[in-house]
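What follows is the content of start05.cif, which has mmCIF, C-alpha atoms:
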```
data_run
loop_
_atom_site.label_atom_id
_atom_site.label_comp_id
_atom_site.auth_asym_id
_atom_site.auth_seq_id
_atom_site.Cartn_x
_atom_site.Cartn_y
_atom_site.Cartn_z
CA MET A 1 6.59 106.92 28.25
CA ALA A 2 4.13 105.98 25.52
CA GLU A 3 2.04 102.82 25.81
CA MET A 4 3.27 99.97 23.68
CA ASN A 5 1.08 97.77 21.55
CA ASP A 6 0.96 94.20 22.90
CA ASN A 7 1.18 92.67 19.42
CA ASN A 8 4.52 93.94 18.19
CA GLY A 9 5.90 96.45 20.69
CA VAL A 10 5.23 99.48 18.48
CA ASP A 11 3.70 102.68 19.83
CA PRO A 12 -0.01 102.83 18.84
CA LYS A 13 0.50 106.42 17.65
CA ILE A 14 3.14 105.23 15.16
CA GLU A 15 0.86 102.42 13.98
CA GLU A 16 -1.93 104.98 13.45
CA VAL A 17 0.41 107.23 11.41
CA ARG A 18 1.49 104.26 9.28
CA ARG A 19 -2.13 103.25 8.69
CA LEU A 20 -3.06 106.80 7.66
CA ILE A 21 -0.03 107.11 5.36
CA ARG A 22 -0.84 103.79 3.67
CA GLY A 23 -4.41 104.98 3.15
CA GLN A 24 -3.24 108.22 1.57
CA LEU A 25 -0.70 106.39 -0.61
CA GLY A 26 -3.54 104.15 -1.76
CA LEU A 27 -5.33 107.29 -2.91
CA ASN A 28 -2.18 108.34 -4.86
CA LYS A 29 -1.64 111.43 -2.73
CA SER A 30 1.66 113.28 -3.02
CA ARG A 31 4.18 113.31 -0.19
CA GLU A 32 3.40 116.96 0.58
CA ALA A 33 -0.35 116.30 0.62
CA ILE A 34 0.15 113.41 3.06
CA ILE A 35 2.32 115.54 5.34
CA ASN A 36 -0.24 118.37 5.32
CA TYR A 37 -3.11 115.95 5.96
CA LEU A 38 -1.40 114.33 8.95
CA GLN A 39 -0.23 117.68 10.38
CA GLU A 40 -3.84 118.85 10.29
CA LYS A 41 -4.70 115.76 12.35
CA GLY A 42 -2.10 116.85 14.93
CA TYR A 43 0.80 114.50 14.21
CA PRO A 44 4.34 115.97 14.40
CA GLN A 45 6.19 116.47 11.12
CA TYR A 46 9.30 114.56 12.20
CA LEU A 47 7.19 111.43 12.88
CA ILE A 48 5.31 111.76 9.59
CA GLU A 49 8.49 112.14 7.52
CA GLN A 50 10.22 109.27 9.33
CA GLU A 51 7.31 106.90 8.71
CA ILE A 52 6.93 107.98 5.06
CA GLY A 53 10.63 107.20 4.57
CA ASP A 54 10.29 103.79 6.26
CA LEU A 55 7.23 102.86 4.19
CA ARG A 56 8.95 104.01 0.99
CA LYS A 57 11.91 101.71 1.75
CA GLU A 58 9.52 98.79 2.38
CA ASN A 59 7.71 99.46 -0.90
CA THR A 60 10.96 99.73 -2.87
CA GLY A 61 12.00 96.27 -1.71
CA LYS A 62 8.61 94.80 -2.56
CA THR A 63 8.58 96.45 -5.99
CA ARG A 64 12.03 95.13 -6.86
CA LYS A 65 11.12 91.66 -5.64
CA SER A 66 8.00 91.63 -7.79
CA GLY A 67 10.10 92.93 -10.69
CA VAL A 68 12.47 89.99 -10.39
CA ILE A 69 9.49 87.62 -10.33
CA PHE A 70 7.99 89.23 -13.45
CA PHE A 71 11.40 89.06 -15.16
CA ILE A 72 11.82 85.36 -14.38
CA ILE A 73 8.28 84.55 -15.52
CA GLY A 74 8.92 86.47 -18.75
CA ILE A 75 12.15 84.60 -19.43
CA VAL A 76 10.53 81.22 -18.78
CA MET A 77 7.57 82.04 -21.02
CA CYS A 78 9.83 83.23 -23.83
CA LEU A 79 12.09 80.18 -23.55
CA VAL A 80 9.12 77.80 -23.59
CA GLY A 81 7.62 79.68 -26.54
CA VAL A 82 10.85 79.51 -28.53
CA SER A 83 11.81 75.93 -27.62
CA THR A 84 8.39 74.47 -28.41
CA ARG A 85 8.07 76.28 -31.73
CA GLY A 86 7.04 73.82 -34.36
CA ILE A 87 6.01 70.80 -32.29
CA GLN A 88 4.42 68.29 -34.62
CA THR A 89 1.68 65.84 -33.80
CA GLY A 90 0.55 64.04 -36.90
CA ASP A 91 -0.24 66.53 -39.65
CA THR A 92 -0.58 69.52 -37.32
CA GLU A 93 2.20 71.83 -36.16
CA TYR A 94 1.73 73.82 -32.97
CA TYR A 95 3.38 77.17 -32.49
CA PHE A 96 3.41 78.86 -29.09
CA TYR A 97 3.80 82.47 -30.14
CA GLY A 98 1.23 83.41 -27.52
CA LEU A 99 3.81 82.64 -24.83
CA LEU A 100 6.26 84.96 -26.55
CA LEU A 101 3.65 87.70 -26.90
CA VAL A 102 2.83 87.47 -23.19
CA GLY A 103 6.38 86.76 -22.03
CA ILE A 104 7.95 89.83 -23.62
CA PRO A 105 5.71 92.31 -21.74
CA PHE A 106 6.45 90.39 -18.51
CA LEU A 107 10.17 90.85 -19.23
CA ILE A 108 9.68 94.57 -19.86
CA MET A 109 7.55 95.04 -16.72
CA GLY A 110 10.11 93.13 -14.68
CA ILE A 111 13.00 95.27 -15.90
CA TYR A 112 10.98 98.44 -15.30
CA LYS A 113 10.12 97.43 -11.73
CA ILE A 114 13.71 96.45 -10.97
CA ILE A 115 15.19 99.78 -12.12
CA LYS A 116 12.27 102.04 -11.13
CA LYS A 117 13.00 104.52 -8.39
CA THR A 118 10.18 104.98 -5.91
#
```

Target encoding structure tokens, full file:
Amino acid sequence: MAEMNDNNGVDPKIEEVRRLIRGQLGLNKSREAIINYLQEKGYPQYLIEQEIGDLRKENTGKTRKSGVIFFIIGIVMCLVGVSTRGIQTGDTEYYFYGLLLVGIPFLIMGIYKIIKKT
């Protein structure tokens, strides 16, 4: 039986594979390149593919969550920009088109991240 890591009960070999996969993903390596790289290091293909799948699922959830956050920020910025349009103080009118110009790309990025398939 493999030794378990005291911190979270996960086999150190699995933790090492996850660490290596994350490093390769950070370098924008393709799935096939990551598999080849880890097979050259002596890790079995079934373990590599399982961990790539698990990490992909984790990343999909994080991407969608950040997409929702971007979407909400975009909506708030657009609403504030529209609702405060034409505030008057004395002889000066203030227009917050900057919020609209920044809010709309946030909306678009949010929608993209929500529907993007990873």

key: Selection result for the PyMOL selection byres ((chain A and resi 60-74) around 7) on this file, as a PyMOL selection string   = chain A and resi 56-59+75-78+103-104+106-107+109-111+113-114+118

key: Coordinates-based distance that separates CA of Pro105 in chain A from CA of Leu55 in chain A (Å, one decimal)   =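 Going from CA of Leu55 in chain A over to CA of Pro105 in chain A, I get 28.0 Å.
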
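Atom pair CA of Val17 in chain A / CA of Lys116 in chain A: separated by 26.0 Å.
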
inquiry  = To one decimal place in Å, what is the distance between CA of Leu47 in chain A and CA of Arg19 in chain A?
reply    =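 Going from CA of Leu47 in chain A over to CA of Arg19 in chain A covers 13.1 Å.
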
Output as a short mmCIF file (atom, residue, chain, number, x, y, z; two decimals), in the coordinates of the input: range 17-52 of chain A, completed with N, CA and C atoms.
```
data_model
loop_
_atom_site.label_atom_id
_atom_site.label_comp_id
_atom_site.auth_asym_id
_atom_site.auth_seq_id
_atom_site.Cartn_x
_atom_site.Cartn_y
_atom_site.Cartn_z
N VAL A 17 -0.20 106.42 12.47
CA VAL A 17 0.41 107.23 11.41
C VAL A 17 0.68 106.36 10.19
N ARG A 18 1.22 105.17 10.40
CA ARG A 18 1.49 104.26 9.28
C ARG A 18 0.21 103.90 8.54
N ARG A 19 -0.85 103.62 9.30
CA ARG A 19 -2.13 103.25 8.69
C ARG A 19 -2.67 104.41 7.85
N LEU A 20 -2.58 105.63 8.39
CA LEU A 20 -3.06 106.80 7.66
C LEU A 20 -2.22 107.06 6.40
N ILE A 21 -0.91 106.90 6.52
CA ILE A 21 -0.03 107.11 5.36
C ILE A 21 -0.36 106.09 4.27
N ARG A 22 -0.51 104.82 4.67
CA ARG A 22 -0.84 103.79 3.67
C ARG A 22 -2.17 104.12 2.97
N GLY A 23 -3.13 104.60 3.74
CA GLY A 23 -4.41 104.98 3.15
C GLY A 23 -4.26 106.10 2.14
N GLN A 24 -3.45 107.10 2.48
CA GLN A 24 -3.24 108.22 1.57
C GLN A 24 -2.45 107.80 0.35
N LEU A 25 -1.46 106.90 0.54
CA LEU A 25 -0.70 106.39 -0.61
C LEU A 25 -1.62 105.60 -1.53
N GLY A 26 -2.58 104.88 -0.96
CA GLY A 26 -3.54 104.15 -1.76
C GLY A 26 -4.41 105.06 -2.60
N LEU A 27 -4.56 106.30 -2.16
CA LEU A 27 -5.33 107.29 -2.91
C LEU A 27 -4.44 108.10 -3.86
N ASN A 28 -3.17 107.68 -3.99
CA ASN A 28 -2.18 108.34 -4.86
C ASN A 28 -1.94 109.79 -4.49
N LYS A 29 -1.93 110.07 -3.20
CA LYS A 29 -1.64 111.43 -2.73
C LYS A 29 -0.14 111.68 -2.78
N SER A 30 0.24 112.93 -2.99
CA SER A 30 1.66 113.28 -3.02
C SER A 30 2.20 113.30 -1.60
N ARG A 31 3.51 113.29 -1.50
CA ARG A 31 4.18 113.31 -0.19
C ARG A 31 3.77 114.56 0.59
N GLU A 32 3.76 115.69 -0.08
CA GLU A 32 3.40 116.96 0.58
C GLU A 32 1.96 116.94 1.06
N ALA A 33 1.06 116.38 0.24
CA ALA A 33 -0.35 116.30 0.62
C ALA A 33 -0.54 115.41 1.85
N ILE A 34 0.24 114.31 1.90
CA ILE A 34 0.15 113.41 3.06
C ILE A 34 0.65 114.11 4.31
N ILE A 35 1.77 114.82 4.19
CA ILE A 35 2.32 115.54 5.34
C ILE A 35 1.32 116.57 5.84
N ASN A 36 0.75 117.35 4.92
CA ASN A 36 -0.24 118.37 5.32
C ASN A 36 -1.46 117.73 5.99
N TYR A 37 -1.94 116.64 5.42
CA TYR A 37 -3.11 115.95 5.96
C TYR A 37 -2.86 115.48 7.40
N LEU A 38 -1.69 114.86 7.62
CA LEU A 38 -1.40 114.33 8.95
C LEU A 38 -1.07 115.44 9.95
N GLN A 39 -0.47 116.54 9.49
CA GLN A 39 -0.23 117.68 10.38
C GLN A 39 -1.55 118.30 10.83
N GLU A 40 -2.52 118.35 9.93
CA GLU A 40 -3.84 118.85 10.29
C GLU A 40 -4.49 117.97 11.35
N LYS A 41 -4.16 116.68 11.35
CA LYS A 41 -4.70 115.76 12.35
C LYS A 41 -3.91 115.84 13.66
N GLY A 42 -2.83 116.63 13.69
CA GLY A 42 -2.10 116.85 14.93
C GLY A 42 -0.86 116.00 15.13
N TYR A 43 -0.41 115.31 14.08
CA TYR A 43 0.80 114.50 14.21
C TYR A 43 2.02 115.36 13.90
N PRO A 44 3.13 115.16 14.64
CA PRO A 44 4.34 115.97 14.40
C PRO A 44 5.01 115.63 13.07
N GLN A 45 5.59 116.64 12.44
CA GLN A 45 6.19 116.47 11.12
C GLN A 45 7.33 115.47 11.12
N TYR A 46 8.16 115.49 12.17
CA TYR A 46 9.30 114.56 12.20
C TYR A 46 8.82 113.10 12.16
N LEU A 47 7.73 112.80 12.86
CA LEU A 47 7.19 111.43 12.88
C LEU A 47 6.62 111.06 11.52
N ILE A 48 5.91 112.00 10.91
CA ILE A 48 5.31 111.76 9.59
C ILE A 48 6.40 111.46 8.56
N GLU A 49 7.43 112.31 8.51
CA GLU A 49 8.49 112.14 7.52
C GLU A 49 9.28 110.85 7.75
N GLN A 50 9.51 110.51 9.02
CA GLN A 50 10.22 109.27 9.33
C GLN A 50 9.43 108.06 8.85
N GLU A 51 8.14 108.04 9.10
CA GLU A 51 7.31 106.90 8.71
C GLU A 51 7.12 106.83 7.19
N ILE A 52 7.01 107.98 6.53
CA ILE A 52 6.93 107.98 5.06
C ILE A 52 8.20 107.37 4.48
#
```
